[in-house]
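> This one is my_file_22.pdb, PDB, C-alpha atoms.
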ATOM      1  CA  GLN A   1     -18.254  85.879  54.786
ATOM      2  CA  VAL A   2     -17.575  82.737  52.790
ATOM      3  CA  GLN A   3     -20.590  80.583  51.966
ATOM      4  CA  LEU A   4     -20.819  77.277  50.118
ATOM      5  CA  VAL A   5     -24.298  76.119  49.154
ATOM      6  CA  GLU A   6     -24.795  72.616  47.780
ATOM      7  CA  SER A   7     -27.716  71.347  45.767
ATOM      8  CA  GLY A   8     -28.658  68.390  43.594
ATOM      9  CA  GLY A   9     -28.858  65.529  46.051
ATOM     10  CA  GLY A  10     -31.731  63.077  46.113
ATOM     11  CA  VAL A  11     -32.808  59.475  45.758
ATOM     12  CA  VAL A  12     -31.772  57.508  42.681
ATOM     13  CA  GLN A  13     -31.839  53.865  41.646
ATOM     14  CA  PRO A  14     -28.618  51.883  41.222
ATOM     15  CA  GLY A  15     -27.070  52.680  37.863
ATOM     16  CA  GLY A  16     -28.603  56.122  37.817
ATOM     17  CA  SER A  17     -27.018  59.566  37.742
ATOM     18  CA  LEU A  18     -27.065  62.743  39.775
ATOM     19  CA  ARG A  19     -25.307  66.070  39.434
ATOM     20  CA  LEU A  20     -24.318  67.983  42.538
ATOM     21  CA  SER A  21     -23.605  71.700  42.504
ATOM     22  CA  CYS A  22     -21.843  73.902  45.039
ATOM     23  CA  ALA A  23     -22.064  77.661  44.681
ATOM     24  CA  ALA A  24     -19.481  79.749  46.505
ATOM     25  CA  SER A  25     -19.648  83.372  47.571
ATOM     26  CA  GLY A  26     -17.460  85.759  49.537
ATOM     27  CA  ILE A  27     -14.174  84.428  48.163
ATOM     28  CA  ILE A  28     -11.965  84.511  45.061
ATOM     29  CA  PHE A  29     -13.157  81.148  43.801
ATOM     30  CA  SER A  30     -10.631  80.795  40.989
ATOM     31  CA  ARG A  31      -7.759  80.872  43.482
ATOM     32  CA  ALA A  32      -8.876  77.879  45.476
ATOM     33  CA  THR A  33      -8.733  74.125  45.457
ATOM     34  CA  VAL A  34     -12.247  72.724  45.500
ATOM     35  CA  GLY A  35     -13.466  69.280  46.317
ATOM     36  CA  TRP A  36     -16.221  66.901  47.243
ATOM     37  CA  TYR A  37     -16.245  64.676  50.295
ATOM     38  CA  ARG A  38     -18.810  62.248  51.617
ATOM     39  CA  GLN A  39     -19.778  60.677  54.901
ATOM     40  CA  ALA A  40     -21.891  57.565  55.211
ATOM     41  CA  PRO A  41     -23.613  56.622  58.498
ATOM     42  CA  GLY A  42     -21.105  55.231  60.967
ATOM     43  CA  LYS A  43     -18.138  56.011  58.728
ATOM     44  CA  GLN A  44     -15.509  58.715  58.558
ATOM     45  CA  ARG A  45     -15.716  61.500  56.022
ATOM     46  CA  GLU A  46     -13.758  60.573  52.909
ATOM     47  CA  THR A  47     -12.439  62.377  49.888
ATOM     48  CA  VAL A  48     -14.397  61.825  46.683
ATOM     49  CA  ALA A  49     -12.803  64.221  44.203
ATOM     50  CA  LEU A  50     -10.593  67.305  44.222
ATOM     51  CA  MET A  51      -9.766  69.916  41.623
ATOM     52  CA  SER A  52      -6.849  72.326  41.847
ATOM     53  CA  SER A  53      -7.085  75.999  40.982
ATOM     54  CA  GLY A  54      -5.471  75.053  37.683
ATOM     55  CA  GLY A  55      -8.189  72.537  36.881
ATOM     56  CA  ARG A  56      -6.356  69.290  37.634
ATOM     57  CA  PRO A  57      -8.748  66.620  38.984
ATOM     58  CA  ASN A  58      -8.062  63.798  41.400
ATOM     59  CA  TYR A  59     -10.469  61.027  42.295
ATOM     60  CA  ALA A  60     -10.847  58.397  44.940
ATOM     61  CA  PRO A  61     -10.318  54.938  43.432
ATOM     62  CA  SER A  62     -13.869  53.975  44.345
ATOM     63  CA  VAL A  63     -15.349  56.645  42.037
ATOM     64  CA  GLN A  64     -12.714  56.830  39.293
ATOM     65  CA  GLY A  65     -14.380  56.469  35.908
ATOM     66  CA  ARG A  66     -17.885  57.067  37.307
ATOM     67  CA  PHE A  67     -17.708  60.558  38.810
ATOM     68  CA  THR A  68     -16.486  63.772  37.202
ATOM     69  CA  ILE A  69     -15.583  66.948  39.053
ATOM     70  CA  SER A  70     -15.661  70.256  37.199
ATOM     71  CA  ARG A  71     -15.635  73.937  38.011
ATOM     72  CA  ASP A  72     -16.981  77.119  36.465
ATOM     73  CA  ASN A  73     -14.920  79.997  37.781
ATOM     74  CA  ALA A  74     -17.194  82.555  36.130
ATOM     75  CA  GLU A  75     -20.131  81.169  38.126
ATOM     76  CA  ASN A  76     -18.118  80.385  41.294
ATOM     77  CA  THR A  77     -19.499  76.877  41.159
ATOM     78  CA  VAL A  78     -18.077  73.367  41.428
ATOM     79  CA  TYR A  79     -19.957  70.351  40.136
ATOM     80  CA  LEU A  80     -19.873  66.623  40.704
ATOM     81  CA  GLN A  81     -21.415  64.510  37.966
ATOM     82  CA  MET A  82     -22.120  61.059  39.364
ATOM     83  CA  ASN A  83     -22.897  58.221  36.968
ATOM     84  CA  SER A  84     -23.394  54.489  37.458
ATOM     85  CA  LEU A  85     -24.324  55.084  41.059
ATOM     86  CA  LYS A  86     -24.110  52.211  43.517
ATOM     87  CA  PRO A  87     -25.790  51.680  46.894
ATOM     88  CA  GLU A  88     -22.396  52.166  48.544
ATOM     89  CA  ASP A  89     -22.334  55.726  47.187
ATOM     90  CA  THR A  90     -25.114  56.578  49.632
ATOM     91  CA  ALA A  91     -23.856  59.348  51.918
ATOM     92  CA  VAL A  92     -24.060  63.010  52.758
ATOM     93  CA  TYR A  93     -21.919  64.840  50.220
ATOM     94  CA  TYR A  94     -20.051  67.998  51.231
ATOM     95  CA  CYS A  95     -18.246  70.491  49.066
ATOM     96  CA  ASN A  96     -14.991  71.940  50.298
ATOM     97  CA  LEU A  97     -12.876  74.929  49.370
ATOM     98  CA  VAL A  98      -9.326  75.808  50.381
ATOM     99  CA  PRO A  99      -7.804  79.072  49.123
ATOM    100  CA  VAL A 100      -4.316  78.569  47.684
ATOM    101  CA  SER A 101      -2.997  81.392  49.882
ATOM    102  CA  SER A 102      -4.503  80.110  53.120
ATOM    103  CA  SER A 103      -4.871  77.000  55.249
ATOM    104  CA  THR A 104      -8.486  77.842  56.086
ATOM    105  CA  VAL A 105     -10.931  75.143  55.027
ATOM    106  CA  TYR A 106     -14.516  75.998  54.143
ATOM    107  CA  TRP A 107     -17.354  73.456  54.055
ATOM    108  CA  GLY A 108     -20.847  73.417  52.673
ATOM    109  CA  GLN A 109     -23.806  72.212  54.680
ATOM    110  CA  GLY A 110     -24.037  68.861  52.903
ATOM    111  CA  THR A 111     -26.572  67.250  50.604
ATOM    112  CA  GLN A 112     -27.953  63.727  50.968
ATOM    113  CA  VAL A 113     -27.473  61.215  48.163
ATOM    114  CA  THR A 114     -29.339  57.937  48.497
ATOM    115  CA  VAL A 115     -28.895  55.105  46.004
ATOM    116  CA  SER A 116     -31.580  52.499  46.480
ATOM    117  CA  SER A 117     -33.959  50.356  44.503
TER
END
Once more with this new file: its structure as structure tokens, please.

Amino acid sequence: QVQLVESGGGVVQPGGSLRLSCAASGIIFSRATVGWYRQAPGKQRETVALMSSGGRPNYAPSVQGRFTISRDNAENTVYLQMNSLKPEDTAVYYCNLVPVSSSTVYWGQGTQVTVSS
């Protein structure tokens, strides 16, 4: 059974930083595209950052230069380092995993990030 468990959310002031983690189990993590998505109240879920199995990152324009996605295949974990946070970054953040050999999409349970003074 595949499980994705996120951690690291919280409340931070504008300009602050947070680091999200997503630990995967039950799957060959290194052979999957991983990513972070977010959903703010009243809005659709949107892509934040993706990383291919080969380690190539892609970012939404709104977070480019502020957020960094990384992965540790030995620890089956994907990270999202978020710097220079803005109030508009407030959302529930979800990690996502798609095996390269499958169309199945796996989601974590979500972690709340609130940016407020």
> One decimal, Å: what's the distance from atom CA of A:Val113 over to atom CA of A:Val48, could you say?
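Atom CA of A:Val48 lies 13.2 Å from atom CA of A:Val113.
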> Convert the output of the PyMOL selection byres ((chain A and resi 9) around 10) on the shown file into explicit residues, formatted as a PyMOL selection string.
chain A and resi 6-8+10-12+18-21+91-93+110-114
> Evaluate the PyMOL selection byres ((chain A and resi 70-82) around 7) against this structure - the residues, as a tab-separated table (two decimals) with C-alpha atoms, in the frame of the given file, please.

chain	number	residue	atom	x	y	z
A	17	SER	CA	-27.02	59.57	37.74
A	18	LEU	CA	-27.06	62.74	39.78
A	19	ARG	CA	-25.31	66.07	39.43
A	20	LEU	CA	-24.32	67.98	42.54
A	21	SER	CA	-23.60	71.70	42.50
A	22	CYS	CA	-21.84	73.90	45.04
A	23	ALA	CA	-22.06	77.66	44.68
A	24	ALA	CA	-19.48	79.75	46.50
A	29	PHE	CA	-13.16	81.15	43.80
A	30	SER	CA	-10.63	80.80	40.99
A	66	ARG	CA	-17.89	57.07	37.31
A	67	PHE	CA	-17.71	60.56	38.81
A	68	THR	CA	-16.49	63.77	37.20
A	69	ILE	CA	-15.58	66.95	39.05
A	83	ASN	CA	-22.90	58.22	36.97
A	84	SER	CA	-23.39	54.49	37.46
A	85	LEU	CA	-24.32	55.08	41.06
> Record the distance separating atom CA of A:Thr104 and atom CA of A:Ser25, expressed in Å with one decimal.
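It comes out at 15.1 Å.
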> Work out how far atom CA of A:Val34 is from atom CA of A:Leu50, in Å to one decimal.
5.8 Å
> Go through A:Gln13, A:Gln109, A:Thr47, A:Ser101 and flag the residue nearest A:Pro87, using all atoms listed in the file for the distances.
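Using all atoms listed in the file, the shortest distance to A:Pro87 belongs to A:Gln13.
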> Quick one: what's the axis-aligned box for stretch 87-98 of chain A, all listed atoms, 8 Å on every side, centre and edges in Å to one decimal, as lines of an AutoDock Vina configuration file?

center_x = -17.6
center_y = 63.7
center_z = 49.8
size_x = 32.5
size_y = 40.1
size_z = 21.9
> Point out the residue among A:Ile28, A:Gly16, A:Tyr106, A:Pro41 with the least atom-to-atom distance to A:Tyr94, counting all atoms listed in the file.
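The answer is A:Tyr106, which sits nearest to A:Tyr94.
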> Quick one: of A:Ser103, A:Thr33, A:Ser117, A:Asn96, who's nearest to A:Gly15, counting all atoms listed in the file?
A:Ser117
> Residues proximal to (-4.4, 75.3, 36.2) were defined as those with any atom within 12 Å of that point in the file's coordinates, counting all atoms listed in the file. Which are they, as a PyMOL selection string?
chain A and resi 30-33+51-57+71+73+100
> Would you please work out which residue, of A:Ile27, A:Ser116, A:Pro14, A:Pro61, is nearest to A:Val98 when using all atoms listed in the file?
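The shortest atom-to-atom distance to A:Val98 comes from A:Ile27.
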> Please determine, counting all atoms listed in the file, which residue among A:Asp89, A:Ala60, A:Val5, A:Arg45 has the shortest atom-to-atom distance to A:Val115.
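Using all atoms listed in the file, A:Val115 sits closest to A:Asp89.
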